[in-house]
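Beneath this line is the structure, given in structure tokens, with notes to follow.
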Amino acid sequence: MAAVDSFYLLYREIARSCNCYMEALALVGAWYTARKSITVICDFYSLIRLHFIPRLGSRPDLIKQYGRWAVVSGATDGIGKAYAEELACHGLNIILISQEEEKLQAVAKNIADTYRVETVVMVADFSRGREIYAPIREALRDRDIGILVNDVGAFYPHPQYFAQLPEDTLWDIVNVNIAAASLMVHIVLPGMVERKKGAIITVSSGSCCKPTPHLAAFSASKAYLDHFSRALQYEYASKGIFVQSLIPFYVATSVTAPGSFLHRCPWLAPSPRVYAQHAVSTLGISKRTTGYWSHSIQKGNGRQCWASRWGILSLCYFE
């Protein structure tokens with residue numbers, strides 16, 4: 001009995017001495033919970049403000065805001081095609097650039113017939129390097145280019161170690177993912193600056209947020225596009241130019257198999273058409289965005305990004 005009493009007294013003394021530590025831990029826990037709660041509330045507000053409120057009001061007049069013509073590279077399928085259709089729905093005339101002439105003609109005819117706008121087709125293989133840009137520059141010289149959408153892209157045939165990557169594929173990634181966007185911006189930007197209005201949208205990828213093993217060159221090229229766009233926004237915002245970096249995650253395109261997980265979850269992986277509708281509504285509002293509400297949840301609060309180990313997300317939206 002004495003032993004029990006001694007243990008009880010010892011327990012009370014220990015509890016009394018630890019009481020101040022428990023109070024301190026409780027304060028730390030309350031502070032952490034309050035901070036996380038405020039962060040969640042702010043993120044939720046940002047999500048609603050960016051992806052839902054703009055879609056409730058009247059559609060903006062993109063022609064008055066930016067210009068009469070839009071140039072879209074990689075416009076024969078996926079996000080590029082859907083973006084061209086959405087801009088045409090707003091009344092803009094569309095210049096479509098890609099390397100497949102037959103597909104380009106079909107897309108251009110469909111857009112012209114559906115939305116009653118002018119369309120121009122330009123066949124260009126961006127993997128060929130510098131030689132293709134002189135004709136593009138000449139064709140766009142006298143156009144009132146209000147919006148440029150850089151969507152053309154090259155990617156790995158499948159995830160693999162960098163040393164195993166064919167040299168031709170590596171050059172395609174450099175010429176198409178990096179050089180194409182840079183040169184297209186260099187072509188249209190002087191006219192935008194002269195008119196003091198315009199918008200440049202560059203489609204990056206969720207894989208740009210973190211290094212993606214087995215897609216090293218691809219994710220690095222998309223990181224270039226993201227940083228390039230953000231730097232241009234700082235340079236040219238004061239001149240009336242809006243530059244936006246789009247960072248899409250899963251988008252259910254022709255690359256994803258019908259009946260796959262992506263097609264069964266449209267809220268997680270929207271169709272290119274739905275994605276483009278949401279992305280265009282963020283134009284002029286957010287200079288760096290995923291373009292779609294569920295992608296913003298996947299991305300996180302802006303201080304961290306999620307990317308799958310194999311970089312599958314970055315393969316989901318190309319032609």
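Every chain in the structure tokens takes a letter, A first, then B, and so on in the order presented; its residues are numbered from 1, and the ligands are numbered from 1 following the presented order.
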
- Can you check which residues of region 3-242 of chain A DSSP gives as alpha helix (DSSP H) on the backbone and send them as a ChimeraX atom specification? /A:3-51,53-56,62-65,78-89,101-115,133-140,167-172,180-195,216-236

- Close residues, Ala108 (chain A) itself excluded, 8 Å, only C-alpha atoms, min 4 positions apart in chain, as a list of chain:residue names: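 So, after excluding close chain neighbours, the residues are A:Leu96, A:Leu104, A:Ala112, A:Thr119, A:Val120, A:Val121.
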
Using the selection just defined, write its residues with N, CA and C atoms as a CSV table (one decimal), in the first residue's frame.
```csv
chain,number,residue,atom,x,y,z
A,96,LEU,N,-3.5,29.7,-87.2
A,96,LEU,CA,-3.1,28.4,-86.7
A,96,LEU,C,-1.8,27.9,-87.2
A,104,LEU,N,-4.5,21.0,-90.0
A,104,LEU,CA,-4.6,22.4,-89.9
A,104,LEU,C,-5.8,22.9,-90.7
A,112,ALA,N,-13.8,28.4,-88.8
A,112,ALA,CA,-14.4,29.4,-89.6
A,112,ALA,C,-15.9,29.2,-89.8
A,119,THR,N,-9.8,32.7,-90.6
A,119,THR,CA,-8.7,31.8,-90.1
A,119,THR,C,-7.6,31.7,-91.2
A,120,VAL,N,-6.4,31.7,-90.7
A,120,VAL,CA,-5.2,31.6,-91.6
A,120,VAL,C,-4.4,30.4,-91.1
A,121,VAL,N,-3.9,29.6,-92.1
A,121,VAL,CA,-3.1,28.4,-91.8
A,121,VAL,C,-1.7,28.6,-92.1
```

- Pick the closest to His51 (chain A) from A:Gln277, A:Phe249, A:Pro135, A:Lys222: which is it, counting only C-alpha atoms?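 Of A:Gln277, A:Phe249, A:Pro135, A:Lys222, the one nearest His51 (chain A) is A:Gln277, counting only C-alpha atoms.
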
- Query: CA of Val40 (chain A) to CA of Gln298 (chain A): how many Å, to one decimal?
  - Reply: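 Between these atoms lies a distance of 13.8 Å.
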
- Message: Among region 168-248 of chain A, which ones does DSSP assign to strand (DSSP E or B) (computed from the backbone)? Answer as a PyMOL selection string.
- Response: chain A and resi 198-203+241-246

Keeping only all heavy atoms, write the selected residues to a file as a compact mmCIF listing (two decimals), in the first residue's frame.
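See again-v1.txt below for the written result:
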```
# COMPACT_ATOMS: atom_id res chain seq x y z
N GLY A 198 -1.79 43.69 -75.60
CA GLY A 198 -1.53 42.35 -76.11
C GLY A 198 -1.43 41.36 -74.97
O GLY A 198 -1.27 41.74 -73.80
N ALA A 199 -1.52 40.09 -75.31
CA ALA A 199 -1.41 39.04 -74.30
C ALA A 199 -0.60 37.88 -74.87
O ALA A 199 -0.77 37.51 -76.04
CB ALA A 199 -2.79 38.54 -73.87
N ILE A 200 0.26 37.34 -74.04
CA ILE A 200 1.09 36.19 -74.42
C ILE A 200 0.82 35.08 -73.42
O ILE A 200 1.03 35.25 -72.21
CB ILE A 200 2.58 36.55 -74.43
CG1 ILE A 200 2.86 37.62 -75.49
CG2 ILE A 200 3.44 35.31 -74.68
CD1 ILE A 200 4.26 38.21 -75.42
N ILE A 201 0.33 33.94 -73.90
CA ILE A 201 0.05 32.79 -73.05
C ILE A 201 0.99 31.66 -73.45
O ILE A 201 1.01 31.26 -74.63
CB ILE A 201 -1.41 32.32 -73.17
CG1 ILE A 201 -2.38 33.44 -72.81
CG2 ILE A 201 -1.65 31.10 -72.30
CD1 ILE A 201 -3.01 34.11 -74.00
N THR A 202 1.76 31.16 -72.52
CA THR A 202 2.67 30.06 -72.78
C THR A 202 2.27 28.87 -71.93
O THR A 202 2.17 28.98 -70.71
CB THR A 202 4.13 30.46 -72.48
OG1 THR A 202 4.49 31.56 -73.32
CG2 THR A 202 5.07 29.30 -72.77
N VAL A 203 2.03 27.74 -72.59
CA VAL A 203 1.60 26.54 -71.89
C VAL A 203 2.83 25.78 -71.40
O VAL A 203 3.59 25.23 -72.19
CB VAL A 203 0.75 25.64 -72.81
CG1 VAL A 203 0.27 24.40 -72.04
CG2 VAL A 203 -0.45 26.41 -73.35
N ILE A 241 1.28 44.96 -71.79
CA ILE A 241 1.31 43.56 -72.24
C ILE A 241 1.06 42.65 -71.05
O ILE A 241 1.71 42.79 -70.01
CB ILE A 241 2.66 43.20 -72.89
CG1 ILE A 241 3.10 44.29 -73.87
CG2 ILE A 241 2.56 41.84 -73.59
CD1 ILE A 241 2.13 44.56 -74.99
N PHE A 242 0.14 41.71 -71.22
CA PHE A 242 -0.14 40.73 -70.17
C PHE A 242 0.48 39.41 -70.58
O PHE A 242 0.18 38.86 -71.64
CB PHE A 242 -1.64 40.56 -69.96
CG PHE A 242 -1.99 39.59 -68.86
CD1 PHE A 242 -1.96 39.99 -67.54
CD2 PHE A 242 -2.32 38.28 -69.16
CE1 PHE A 242 -2.26 39.09 -66.52
CE2 PHE A 242 -2.63 37.38 -68.16
CZ PHE A 242 -2.61 37.79 -66.83
N VAL A 243 1.36 38.88 -69.74
CA VAL A 243 2.04 37.62 -70.02
C VAL A 243 1.62 36.59 -68.98
O VAL A 243 1.74 36.84 -67.78
CB VAL A 243 3.58 37.78 -70.00
CG1 VAL A 243 4.26 36.47 -70.42
CG2 VAL A 243 4.01 38.91 -70.93
N GLN A 244 1.13 35.46 -69.44
CA GLN A 244 0.60 34.44 -68.54
C GLN A 244 1.33 33.11 -68.73
O GLN A 244 1.53 32.66 -69.86
CB GLN A 244 -0.89 34.24 -68.78
CG GLN A 244 -1.54 33.25 -67.81
CD GLN A 244 -3.01 33.05 -68.12
OE1 GLN A 244 -3.37 32.59 -69.20
NE2 GLN A 244 -3.87 33.42 -67.17
N SER A 245 1.71 32.49 -67.63
CA SER A 245 2.27 31.14 -67.64
C SER A 245 1.18 30.17 -67.21
O SER A 245 0.68 30.24 -66.09
CB SER A 245 3.46 31.05 -66.68
OG SER A 245 3.95 29.72 -66.62
N LEU A 246 0.80 29.26 -68.10
CA LEU A 246 -0.19 28.24 -67.80
C LEU A 246 0.52 26.96 -67.37
O LEU A 246 1.43 26.49 -68.06
CB LEU A 246 -1.06 27.95 -69.02
CG LEU A 246 -2.31 28.80 -69.25
CD1 LEU A 246 -3.06 28.26 -70.46
CD2 LEU A 246 -3.21 28.80 -68.03
```

- Which of these residues is nearest to Ile147 (chain A), using only C-alpha atoms: A:Phe44, A:Phe162, A:Trp69, A:Phe126?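 The answer is A:Trp69, which sits nearest to Ile147 (chain A).
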
- Message: Would you pick out the contacts of region 83-87 of chain A at 7 Å or less, using only C-alpha atoms, so that residues sharing its chain but fewer than 3 positions from it are not included, and give the list as an NGL selection string?
- Response: :A and (72 or 75 or 79-80 or 90-92 or 94 or 111 or 276-277)

Given the selection you just returned, output its residues as a file containing C-alpha atoms, formatted as a compact mmCIF listing (two decimals), in the first residue's frame.
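Output saved as selection_15.txt:
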```txt
# COMPACT_ATOMS: atom_id res chain seq x y z
CA VAL A 72 -1.91 29.65 -81.74
CA ALA A 75 -3.18 24.12 -82.91
CA ILE A 79 -5.12 22.34 -75.59
CA GLY A 80 -3.90 24.31 -78.62
CA HIS A 90 -14.87 35.39 -78.39
CA GLY A 91 -14.76 36.74 -81.95
CA LEU A 92 -11.02 36.77 -82.60
CA ILE A 94 -7.24 32.87 -85.66
CA ILE A 111 -13.47 27.16 -86.69
CA ALA A 276 -9.58 26.08 -72.42
CA GLN A 277 -12.88 27.66 -71.33
```

- Message: Would you compute the distance between CA of Phe52 (chain A) and CA of Pro270 (chain A)? Give it in Å to one decimal.
- Response: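 It comes out at 15.4 Å.
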
- Task: Considering only C-alpha atoms, return as a PyMOL selection string whatever protein or nucleic-acid residues lie within 12 Å of Ile132 (chain A), sequence-local ones (same chain, fewer than 2 positions apart) excluded.
- Result: chain A and resi 97-99+122-130+134-139+175-176+179-180+183-184

Atoms kept (C-alpha atoms) for selection, written as a PDB file, in the first residue's frame:
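So the final result, stored in out-v8.pdb, reads:
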```pdb
ATOM      1  CA  ILE A  97       0.472  27.072 -86.806  1.00  0.00           C
ATOM      2  CA  SER A  98       1.484  23.413 -86.847  1.00  0.00           C
ATOM      3  CA  GLN A  99       3.367  20.952 -89.026  1.00  0.00           C
ATOM      4  CA  MET A 122       0.674  28.325 -91.477  1.00  0.00           C
ATOM      5  CA  VAL A 123       2.574  25.047 -91.838  1.00  0.00           C
ATOM      6  CA  ALA A 124       5.785  25.041 -89.796  1.00  0.00           C
ATOM      7  CA  ASP A 125       7.914  22.282 -88.314  1.00  0.00           C
ATOM      8  CA  PHE A 126       9.435  23.914 -85.226  1.00  0.00           C
ATOM      9  CA  SER A 127      11.918  21.058 -84.825  1.00  0.00           C
ATOM     10  CA  ARG A 128      13.814  22.340 -87.885  1.00  0.00           C
ATOM     11  CA  GLY A 129      15.237  25.260 -85.949  1.00  0.00           C
ATOM     12  CA  ARG A 130      15.946  28.818 -87.001  1.00  0.00           C
ATOM     13  CA  ALA A 134      11.611  34.121 -91.398  1.00  0.00           C
ATOM     14  CA  PRO A 135       8.411  33.124 -93.268  1.00  0.00           C
ATOM     15  CA  ILE A 136       6.406  33.332 -90.026  1.00  0.00           C
ATOM     16  CA  ARG A 137       7.782  36.790 -89.282  1.00  0.00           C
ATOM     17  CA  GLU A 138       6.902  37.982 -92.784  1.00  0.00           C
ATOM     18  CA  ALA A 139       3.367  36.521 -92.646  1.00  0.00           C
ATOM     19  CA  ASN A 175      14.010  23.516 -80.602  1.00  0.00           C
ATOM     20  CA  VAL A 176      10.288  23.012 -79.985  1.00  0.00           C
ATOM     21  CA  ALA A 179      13.257  27.992 -78.983  1.00  0.00           C
ATOM     22  CA  ALA A 180       9.747  28.063 -80.495  1.00  0.00           C
ATOM     23  CA  LEU A 183      11.189  33.174 -81.118  1.00  0.00           C
ATOM     24  CA  MET A 184       7.410  33.500 -81.463  1.00  0.00           C
TER      25      MET A 184
END
```

- Straight-line distance linking CA of Glu194 (chain A) with CA of Ala181 (chain A), stated in Å to one decimal: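 Computing it gives 20.3 Å between the two atoms.
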